[in-house]
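Undergrad: Before anything else, here's the structure in question.
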Amino acid sequence: MNRRHLALVAVLATLALSGCTGLFGPEPSDPDRLNQNASYDWETPEDATIVVNRSSYTAVYDVENRSTFEVYTRDGLGRERSVPIRGLRFRYENGTVIEPANSSLSATEGSQRTEIQFGGNVSGEVAFSAPRSGKQFTTPTYVDGGSYAVTLPPNARVGIPLLSQVSPGNANTTVPPTSDRMTVSWGAVDAQMLSVRYYLQRDLLLFGGLTAGGIVVAIVGSVYYYRQLQAVKRRREEAGIDIEEDDDPRDRGPPPGMG
């Protein structure tokens, strides 16, 4: 075996030992992660309810007569990637909530998708949490044509085009009187992806300050430029070389020596 083959074997062994997800096909998700403590709001009217936090999000999806439920995300190149879910739970229509430790509820992670298995056809709600970052939340719409609600982090808002964007655009926004968290909701989503880019209220103050500063700089620059033009004009007049473009050449008199 030559050095090239040895290097390839070493790389594959390293990836396998490091637990590279999906290298040899879908692998069972970490049981400790799936059974992490978690609490969810099961009593929401939407088909999909997502609560976005600073470094994670929780999601509750309606499930009807299904044995599996696939979740994934897309990277910057549009490629599908599995989601490292945790705190997996399922709630039956009668209100019973189960977790992987005491049921057939389980999940496997491949390189492209995470598949949740229910152990048979069931109806109810599946819930999980997953890590996230940044001021934008994007997810495929797992419930086709369903209603969605996305609750933003505290003090986060949408509404100013330069600082935020909501897709699809036919969304409603509400902020309960007893909360500082805005909820963006859709009555029905037919799009394949749902995206909310938001700003924090302190960002709005910063943006306003920068805008005001820019206006002041523009005004000062314009005044300075105007004064420089006036100074040049005065110097030209003092030197007797200022010529008004609007003067009629016939008003300047005959050429020198012909007066």
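If you're wondering about the labels, chains in the structure tokens are A, B, ... by order shown, residues count from 1 in each chain, ligands from 1 in order shown.
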Would you kindly return, as a PyMOL selection string, each protein, DNA or RNA residue with an atom no farther than 7 Å from any atom of A:Arg81, considering only C-alpha atoms and excluding same-chain residues fewer than 6 positions away?

TA: chain A and resi 72-75+111-113

Undergrad: Using the selection just defined, write its residues with N, CA and C atoms as a PDB file, in the first residue's frame.

TA:
ATOM      1  N   TYR A  72     -34.447  19.490   8.216  1.00  0.00           N
ATOM      2  CA  TYR A  72     -33.157  19.836   7.613  1.00  0.00           C
ATOM      3  C   TYR A  72     -33.074  21.345   7.467  1.00  0.00           C
ATOM      4  N   THR A  73     -31.903  21.807   7.116  1.00  0.00           N
ATOM      5  CA  THR A  73     -31.697  23.217   6.816  1.00  0.00           C
ATOM      6  C   THR A  73     -30.892  23.310   5.523  1.00  0.00           C
ATOM      7  N   ARG A  74     -30.637  24.508   5.062  1.00  0.00           N
ATOM      8  CA  ARG A  74     -29.850  24.701   3.844  1.00  0.00           C
ATOM      9  C   ARG A  74     -28.672  25.615   4.149  1.00  0.00           C
ATOM     10  N   ASP A  75     -27.515  25.278   3.583  1.00  0.00           N
ATOM     11  CA  ASP A  75     -26.346  26.125   3.790  1.00  0.00           C
ATOM     12  C   ASP A  75     -26.333  27.266   2.788  1.00  0.00           C
ATOM     13  N   SER A 111     -26.210  12.987   6.377  1.00  0.00           N
ATOM     14  CA  SER A 111     -25.470  14.175   5.971  1.00  0.00           C
ATOM     15  C   SER A 111     -26.401  15.283   5.501  1.00  0.00           C
ATOM     16  N   GLN A 112     -27.604  14.925   5.045  1.00  0.00           N
ATOM     17  CA  GLN A 112     -28.518  15.908   4.481  1.00  0.00           C
ATOM     18  C   GLN A 112     -29.775  16.138   5.322  1.00  0.00           C
ATOM     19  N   ARG A 113     -30.267  15.104   6.007  1.00  0.00           N
ATOM     20  CA  ARG A 113     -31.513  15.263   6.741  1.00  0.00           C
ATOM     21  C   ARG A 113     -31.475  14.493   8.065  1.00  0.00           C
TER      22      ARG A 113
END

Undergrad: From the list A:Ser147, A:Ser195, A:Thr49, A:Ser106, which residue is nearest A:Pro31 when using only C-alpha atoms?

TA: A:Ser106

Undergrad: So which one's closest to A:Leu162, A:Val126, A:Gln192, A:Arg79, A:Arg197? Using only C-alpha atoms, please.

TA: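 Closest to A:Leu162 of all the choices is A:Arg197.
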